[in-house]
>>> print(open('model-v8.csv').read())   # CSV, C-alpha atoms
chain,number,residue,atom,x,y,z
Y,1,MET,CA,3.9,-3.8,-34.3
Y,2,PRO,CA,6.2,-6.6,-35.3
Y,3,ILE,CA,9.9,-6.1,-35.6
Y,4,ILE,CA,11.8,-8.1,-38.2
Y,5,ALA,CA,14.4,-10.4,-36.6
Y,6,ASP,CA,17.6,-11.7,-38.2
Y,7,LYS,CA,15.8,-14.3,-40.3
Y,8,PRO,CA,13.9,-12.6,-43.1
Y,9,ASP,CA,10.8,-14.7,-42.6
Y,10,THR,CA,10.7,-14.4,-38.8
Y,11,LYS,CA,8.7,-11.7,-37.1
Y,12,LYS,CA,9.2,-10.8,-33.4
Y,13,PHE,CA,6.2,-9.5,-31.5
Y,14,PHE,CA,6.4,-7.4,-28.4
Y,15,ASP,CA,2.8,-7.6,-27.1
Y,16,ASN,CA,2.4,-8.8,-23.5
Y,17,ALA,CA,1.6,-12.4,-24.3
Y,18,SER,CA,4.5,-12.8,-26.8
Y,19,VAL,CA,7.1,-11.3,-24.4
Y,20,ALA,CA,5.8,-13.6,-21.6
Y,21,LYS,CA,6.1,-16.7,-23.8
Y,22,ARG,CA,9.7,-15.9,-24.7
Y,23,THR,CA,10.8,-15.3,-21.1
Y,24,LYS,CA,11.2,-17.9,-18.4
Y,25,GLN,CA,9.2,-16.8,-15.4
Y,26,VAL,CA,8.7,-18.3,-11.9
Y,27,ALA,CA,6.6,-17.1,-9.0
Y,28,TYR,CA,7.3,-17.8,-5.3
Y,29,LEU,CA,4.5,-17.3,-2.9
Y,30,VAL,CA,5.7,-15.7,0.3
Y,31,GLU,CA,4.5,-13.3,3.0
Y,32,GLN,CA,6.0,-9.8,2.9
Y,33,HIS,CA,7.9,-10.2,6.2
Y,34,ASP,CA,9.7,-13.4,4.8
Y,35,LYS,CA,10.8,-11.9,1.5
Y,36,ALA,CA,14.3,-10.8,2.5
Y,37,ALA,CA,15.1,-14.3,4.0
Y,38,MET,CA,13.7,-16.0,0.9
Y,39,PHE,CA,15.7,-13.8,-1.4
Y,40,GLU,CA,18.9,-14.5,0.7
Y,41,GLN,CA,18.4,-18.3,0.3
Y,42,PHE,CA,17.5,-17.9,-3.4
Y,43,ILE,CA,20.8,-16.1,-4.0
Y,44,LYS,CA,22.7,-18.8,-2.2
Y,45,ASN,CA,21.1,-21.5,-4.4
Y,46,SER,CA,21.3,-19.6,-7.7
Y,47,GLU,CA,24.1,-19.7,-10.3
Y,48,LYS,CA,23.0,-16.4,-11.8
Y,49,LYS,CA,25.6,-13.7,-11.6
Y,50,GLN,CA,24.1,-10.4,-12.9
Y,51,ILE,CA,20.9,-9.7,-11.0
Y,52,VAL,CA,18.6,-6.7,-10.9
Y,53,VAL,CA,16.1,-6.5,-8.0
Y,54,LEU,CA,13.1,-4.2,-8.4
Y,55,MET,CA,11.5,-2.7,-5.3
Y,56,GLY,CA,8.4,-0.7,-4.6
Y,57,THR,CA,10.1,2.1,-2.7
Y,58,LYS,CA,13.6,3.6,-2.3
Y,59,ARG,CA,13.5,3.0,1.4
Y,60,LYS,CA,12.9,-0.7,0.9
Y,61,ALA,CA,15.8,-0.9,-1.6
Y,62,ASP,CA,18.1,0.5,1.1
Y,63,GLU,CA,16.7,-1.9,3.7
Y,64,VAL,CA,17.2,-5.0,1.6
Y,65,SER,CA,20.7,-3.9,0.5
Y,66,LYS,CA,21.6,-3.5,4.1
Y,67,TYR,CA,20.1,-6.9,5.0
Y,68,LEU,CA,22.0,-8.7,2.3
Y,69,LYS,CA,25.3,-7.0,3.2
Y,70,ALA,CA,24.8,-8.2,6.8
Y,71,LYS,CA,24.6,-11.7,5.4
Y,72,ASN,CA,27.9,-11.2,3.4
Y,73,ILE,CA,26.0,-10.9,0.1
Y,74,PRO,CA,27.3,-7.7,-1.7
Y,75,ALA,CA,24.4,-5.7,-3.1
Y,76,THR,CA,24.2,-2.1,-4.4
Y,77,ALA,CA,21.1,0.0,-4.0
Y,78,ILE,CA,20.5,2.7,-6.6
Y,79,HIS,CA,17.6,5.1,-6.6
Y,80,GLY,CA,16.5,8.7,-6.8
Y,81,ASN,CA,18.2,9.7,-3.6
Y,82,HIS,CA,21.6,9.1,-5.3
Y,83,ARG,CA,23.5,11.6,-7.4
Y,84,ALA,CA,23.5,11.1,-11.2
Y,85,VAL,CA,27.2,10.4,-11.1
Y,86,GLN,CA,26.7,7.6,-8.5
Y,87,ILE,CA,24.0,6.0,-10.6
Y,88,GLU,CA,26.1,6.1,-13.7
Y,89,GLU,CA,29.1,4.6,-11.9
Y,90,ALA,CA,27.0,1.8,-10.6
Y,91,ALA,CA,25.6,1.1,-14.0
Y,92,LYS,CA,29.1,0.9,-15.5
Y,93,ALA,CA,30.3,-1.4,-12.7
Y,94,PHE,CA,27.3,-3.7,-13.3
Y,95,ASN,CA,27.9,-3.9,-17.0
Y,96,ALA,CA,31.5,-4.7,-16.4
Y,97,SER,CA,30.5,-7.4,-13.8
Y,98,GLU,CA,32.3,-5.6,-11.1
Y,99,ILE,CA,29.1,-5.6,-9.0
Y,100,ASN,CA,26.6,-8.4,-9.4
Y,101,ILE,CA,23.4,-7.4,-7.6
Y,102,VAL,CA,21.7,-4.0,-8.2
Y,103,ILE,CA,18.6,-3.1,-6.2
Y,104,THR,CA,16.6,-0.3,-7.7
Y,105,THR,CA,13.2,1.0,-8.7
Y,106,ASP,CA,11.4,1.0,-12.0
Y,107,MET,CA,12.0,4.7,-12.7
Y,108,ILE,CA,15.8,4.4,-12.2
Y,109,LEU,CA,16.1,1.1,-14.1
Y,110,LYS,CA,14.8,2.9,-17.2
Y,111,SER,CA,17.7,5.3,-17.1
Y,112,LEU,CA,20.5,2.8,-16.3
Y,113,ASN,CA,21.1,1.2,-19.7
Y,114,LEU,CA,22.2,-2.1,-18.2
Y,115,THR,CA,23.4,-4.6,-20.9
Y,116,ASN,CA,24.0,-8.0,-19.3
Y,117,ILE,CA,21.1,-8.7,-17.0
Y,118,GLU,CA,20.7,-12.4,-16.4
Y,119,LEU,CA,17.8,-12.3,-13.9
Y,120,ILE,CA,15.1,-9.8,-13.0
Y,121,VAL,CA,13.8,-10.2,-9.4
Y,122,ASN,CA,10.4,-8.7,-8.9
Y,123,TYR,CA,10.9,-8.4,-5.1
Y,124,ASP,CA,7.7,-6.2,-5.2
Y,125,LEU,CA,5.2,-6.5,-8.0
Y,126,PRO,CA,4.6,-3.1,-9.7
Y,127,ARG,CA,1.4,-1.3,-8.8
Y,128,ASP,CA,0.6,-1.1,-12.5
Y,129,ALA,CA,0.5,-4.6,-13.9
Y,130,GLN,CA,1.5,-3.3,-17.4
Y,131,GLU,CA,4.9,-2.3,-15.8
Y,132,TYR,CA,5.6,-6.0,-15.2
Y,133,PHE,CA,6.0,-6.5,-18.9
Y,134,VAL,CA,8.3,-3.6,-19.2
Y,135,ARG,CA,10.5,-5.3,-16.7
Y,136,LEU,CA,10.4,-8.5,-18.7
Y,137,SER,CA,11.6,-6.7,-21.8
Y,138,TYR,CA,15.0,-6.2,-20.1
Y,139,VAL,CA,15.6,-9.9,-20.2
Y,140,ASP,CA,13.6,-10.8,-23.3
Y,141,GLU,CA,14.8,-14.3,-24.5
Y,142,ILE,CA,18.2,-14.0,-22.9
Y,143,GLY,CA,17.4,-13.9,-19.2
Y,144,GLU,CA,14.8,-15.0,-16.6
Y,145,SER,CA,12.4,-13.4,-14.2
Y,146,ILE,CA,11.2,-14.4,-10.8
Y,147,SER,CA,8.5,-12.8,-8.6
Y,148,PHE,CA,8.0,-12.9,-4.9
Y,149,VAL,CA,4.2,-12.7,-4.4
Y,150,SER,CA,2.8,-11.8,-1.0
Y,151,THR,CA,-0.8,-12.1,0.0
Y,152,ASN,CA,-1.5,-8.4,-0.6
Y,153,GLU,CA,-0.2,-8.7,-4.1
Y,154,ASN,CA,-2.5,-11.5,-5.2
Y,155,LYS,CA,-4.8,-9.3,-7.1
Y,156,THR,CA,-2.0,-7.7,-9.1
Y,157,PHE,CA,-0.5,-11.2,-9.8
Y,158,GLU,CA,-3.8,-12.5,-11.1
Y,159,THR,CA,-4.1,-9.5,-13.4
Y,160,ILE,CA,-0.6,-10.2,-14.7
Y,161,GLU,CA,-1.5,-13.8,-15.5
Y,162,PHE,CA,-4.7,-12.6,-17.2
Y,163,MET,CA,-2.8,-10.1,-19.3
Y,164,MET,CA,-0.2,-12.7,-20.5
Y,165,LYS,CA,-2.9,-15.3,-21.1
Y,166,GLN,CA,-1.2,-18.1,-19.2
Y,167,ASP,CA,-0.5,-19.2,-15.6
Y,168,MET,CA,2.9,-18.5,-14.2
Y,169,PRO,CA,4.8,-21.6,-12.8
Y,170,LYS,CA,5.0,-21.5,-9.0
Y,171,GLU,CA,7.9,-23.1,-7.2
Y,172,LYS,CA,9.5,-23.2,-3.7
Y,173,VAL,CA,13.0,-22.0,-2.7
Y,174,LYS,CA,15.1,-25.0,-1.6
Y,175,ASP,CA,16.1,-24.9,2.1
Y,176,PHE,CA,13.9,-21.8,2.8
Y,177,PHE,CA,11.5,-22.2,5.7
Y,178,PRO,CA,8.8,-19.5,6.0
Y,179,THR,CA,7.7,-18.2,9.4
Y,180,SER,CA,4.1,-18.5,8.1
Y,181,ALA,CA,2.6,-20.2,5.1
Y,182,PRO,CA,1.4,-17.9,2.3
Y,183,LYS,CA,-2.1,-18.1,0.9
Y,184,GLU,CA,-2.3,-20.0,-2.4
Y,185,VAL,CA,-3.2,-17.9,-5.5
Y,186,VAL,CA,-6.0,-19.6,-7.5
Y,187,SER,CA,-5.2,-19.5,-11.2
Y,188,GLY,CA,-8.0,-17.9,-13.3
Y,189,GLN,CA,-9.4,-16.2,-10.3
Y,190,HIS,CA,-9.4,-12.9,-12.1
Y,191,SER,CA,-12.4,-13.8,-14.3
Y,192,ARG,CA,-14.2,-15.9,-11.6
Y,193,ASN,CA,-14.1,-12.9,-9.2
Y,194,LYS,CA,-16.1,-10.8,-11.6
Y,195,LYS,CA,-18.7,-13.6,-11.9
Y,196,SER,CA,-19.0,-14.0,-8.1
Y,197,ARG,CA,-19.5,-10.2,-7.6
Y,198,HIS,CA,-22.2,-10.3,-10.2
Y,199,SER,CA,-23.9,-13.2,-8.4
Y,200,LYS,CA,-23.8,-11.3,-5.1
Y,201,LYS,CA,-25.6,-8.4,-6.6
Y,202,LYS,CA,-28.2,-10.6,-8.0
Y,203,ALA,CA,-28.7,-12.3,-4.7
Y,204,ARG,CA,-29.2,-8.9,-3.0
Y,205,LYS,CA,-31.8,-8.0,-5.5
Y,206,ASP,CA,-33.7,-11.3,-4.9
Y,207,THR,CA,-33.6,-10.6,-1.1
Y,208,LYS,CA,-35.2,-7.2,-1.6
Y,209,LYS,CA,-37.9,-8.8,-3.6
Y,210,GLU,CA,-38.7,-11.2,-0.8
Y,211,LEU,CA,-38.9,-8.4,1.7
>>> encode(input="model-v8.csv", output="structure tokens")
Amino acid sequence: MPIIADKPDTKKFFDNASVAKRTKQVAYLVEQHDKAAMFEQFIKNSEKKQIVVLMGTKRKADEVSKYLKAKNIPATAIHGNHRAVQIEEAAKAFNASEINIVITTDMILKSLNLTNIELIVNYDLPRDAQEYFVRLSYVDEIGESISFVSTNENKTFETIEFMMKQDMPKEKVKDFFPTSAPKEVVSGQHSRNKKSRHSKKKARKDTKKEL
């Protein structure tokens, strides 16, 4: 359903494709074991101040927070293992720009009420592709979103591109050198995979006929 914006004749839509078009997005292809090092270099290159990093698990949030602190990059992990008071204090500190990097999960982000997010980092893509667009809504028009896409996340990434009806730009992080090259994601593969599976079934049927 459209929401009326400031101008009387302007309607703002919040379907997946509309939100995606309004939000700057970039994908970085990287193997899982290189994500922390890539993120470290990205932060060193970036001018963004208020960053929210979304992880697949609480354990990983703690691990990446610890890694960044060891590299002299302050980062605060917030997740379900923390008390409500701790979570609330971290949210207030982020909104006041007293802390700049919050590492959390989708569930906790929905309860934080953060007001000045400049960048959403999809360190891990969500298991449910629809959740990606919920993440985008936190920076709709005013911020940006980047995604670190590993080989085992290719299928989810293809689904996200299919749902937003466009290819996501893919870039490389300056001065980052991976330990192994990630496999390229083929745009539009979502639909072609369906066709190829169908062809394989047909081929098997033909083989049976020959037998």
>>> closest_residue(input="model-v8.csv", among="Y:Leu125, Y:Met168, Y:Ala61, Y:Leu136", to="Glu153 of chain Y", atoms="only C-alpha atoms")
Y:Leu125
>>> closest_atom_pairs(input="model-v8.csv", of="segment 108-196 of chain Y", to="segment 25-45 of chain Y", cutoff="8 Å", atoms="all atoms listed in the file", output="CSV")
residue,atom,partner,partner_atom,distance
Y:Tyr123,CA,Y:Lys35,CA,7.5
Y:Glu144,CA,Y:Gln25,CA,6.0
Y:Ser145,CA,Y:Gln25,CA,4.8
Y:Ile146,CA,Y:Val26,CA,4.8
Y:Ser147,CA,Y:Ala27,CA,4.7
Y:Phe148,CA,Y:Tyr28,CA,5.0
Y:Val149,CA,Y:Leu29,CA,4.8
Y:Ser150,CA,Y:Glu31,CA,4.6
Y:Thr151,CA,Y:Glu31,CA,6.2
Y:Met168,CA,Y:Val26,CA,6.2
Y:Pro169,CA,Y:Val26,CA,5.2
Y:Lys170,CA,Y:Ala27,CA,4.7
Y:Glu171,CA,Y:Tyr28,CA,5.7
Y:Lys172,CA,Y:Tyr28,CA,6.0
Y:Val173,CA,Y:Phe42,CA,6.1
Y:Lys174,CA,Y:Asn45,CA,7.5
Y:Asp175,CA,Y:Gln41,CA,7.2
Y:Phe176,CA,Y:Met38,CA,6.1
Y:Pro178,CA,Y:Asp34,CA,6.3
Y:Thr179,CA,Y:Asp34,CA,6.9
Y:Ser180,CA,Y:Glu31,CA,7.3
Y:Ala181,CA,Y:Val30,CA,7.3
Y:Pro182,CA,Y:Val30,CA,5.2
Y:Lys183,CA,Y:Leu29,CA,7.7
Y:Glu184,CA,Y:Leu29,CA,7.3
>>> atom_distance(input="model-v8.csv", atom1="atom CA of Lys21 of chain Y", atom2="atom CA of Met163 of chain Y")
12.0 Å
>>> residues_around(input="model-v8.csv", residues="Val102 of chain Y", least_positions_apart="5", cutoff="12 Å", atoms="all atoms listed in the file", output="PyMOL selection string")
chain Y and resi 49-55+61-62+64-65+68+73-79+87+89-95+97+108-109+112+114+117-121
>>> residues_near_point(input="model-v8.csv", point="(15.9, -16.1, -25.0)", cutoff="8 Å", atoms="only C-alpha atoms", output="PyMOL selection string")
chain Y and resi 22-23+139-143
>>> decode(input="model-v8.csv", residues="segment 25-38 of chain Y", atoms="N, CA and C atoms", output="PDB file, in the first residue's frame")
ATOM      1  N   GLN Y  25      22.961  -0.005  -3.080  1.00  0.00           N
ATOM      2  CA  GLN Y  25      23.403  -1.325  -2.641  1.00  0.00           C
ATOM      3  C   GLN Y  25      24.627  -1.768  -3.430  1.00  0.00           C
ATOM      4  N   VAL Y  26      25.531  -2.442  -2.746  1.00  0.00           N
ATOM      5  CA  VAL Y  26      26.725  -2.985  -3.387  1.00  0.00           C
ATOM      6  C   VAL Y  26      26.997  -4.364  -2.794  1.00  0.00           C
ATOM      7  N   ALA Y  27      27.423  -5.296  -3.628  1.00  0.00           N
ATOM      8  CA  ALA Y  27      27.793  -6.636  -3.164  1.00  0.00           C
ATOM      9  C   ALA Y  27      29.287  -6.854  -3.352  1.00  0.00           C
ATOM     10  N   TYR Y  28      29.883  -7.543  -2.390  1.00  0.00           N
ATOM     11  CA  TYR Y  28      31.298  -7.916  -2.463  1.00  0.00           C
ATOM     12  C   TYR Y  28      31.373  -9.437  -2.368  1.00  0.00           C
ATOM     13  N   LEU Y  29      31.917 -10.071  -3.390  1.00  0.00           N
ATOM     14  CA  LEU Y  29      32.035 -11.528  -3.393  1.00  0.00           C
ATOM     15  C   LEU Y  29      33.278 -11.932  -2.614  1.00  0.00           C
ATOM     16  N   VAL Y  30      33.110 -12.810  -1.639  1.00  0.00           N
ATOM     17  CA  VAL Y  30      34.210 -13.170  -0.745  1.00  0.00           C
ATOM     18  C   VAL Y  30      33.925 -14.526  -0.112  1.00  0.00           C
ATOM     19  N   GLU Y  31      34.960 -15.300   0.118  1.00  0.00           N
ATOM     20  CA  GLU Y  31      34.769 -16.564   0.825  1.00  0.00           C
ATOM     21  C   GLU Y  31      34.563 -16.284   2.316  1.00  0.00           C
ATOM     22  N   GLN Y  32      33.843 -17.191   2.971  1.00  0.00           N
ATOM     23  CA  GLN Y  32      33.456 -16.980   4.367  1.00  0.00           C
ATOM     24  C   GLN Y  32      34.657 -16.683   5.267  1.00  0.00           C
ATOM     25  N   HIS Y  33      35.761 -17.403   5.072  1.00  0.00           N
ATOM     26  CA  HIS Y  33      36.915 -17.239   5.961  1.00  0.00           C
ATOM     27  C   HIS Y  33      37.639 -15.904   5.748  1.00  0.00           C
ATOM     28  N   ASP Y  34      37.306 -15.196   4.675  1.00  0.00           N
ATOM     29  CA  ASP Y  34      37.948 -13.902   4.405  1.00  0.00           C
ATOM     30  C   ASP Y  34      37.072 -12.709   4.781  1.00  0.00           C
ATOM     31  N   LYS Y  35      35.859 -12.963   5.255  1.00  0.00           N
ATOM     32  CA  LYS Y  35      34.927 -11.861   5.505  1.00  0.00           C
ATOM     33  C   LYS Y  35      35.434 -10.867   6.553  1.00  0.00           C
ATOM     34  N   ALA Y  36      35.982 -11.358   7.639  1.00  0.00           N
ATOM     35  CA  ALA Y  36      36.439 -10.462   8.705  1.00  0.00           C
ATOM     36  C   ALA Y  36      37.536  -9.533   8.206  1.00  0.00           C
ATOM     37  N   ALA Y  37      38.494 -10.080   7.474  1.00  0.00           N
ATOM     38  CA  ALA Y  37      39.593  -9.273   6.942  1.00  0.00           C
ATOM     39  C   ALA Y  37      39.088  -8.265   5.913  1.00  0.00           C
ATOM     40  N   MET Y  38      38.127  -8.681   5.088  1.00  0.00           N
ATOM     41  CA  MET Y  38      37.554  -7.757   4.108  1.00  0.00           C
ATOM     42  C   MET Y  38      36.819  -6.621   4.813  1.00  0.00           C
TER      43      MET Y  38
END
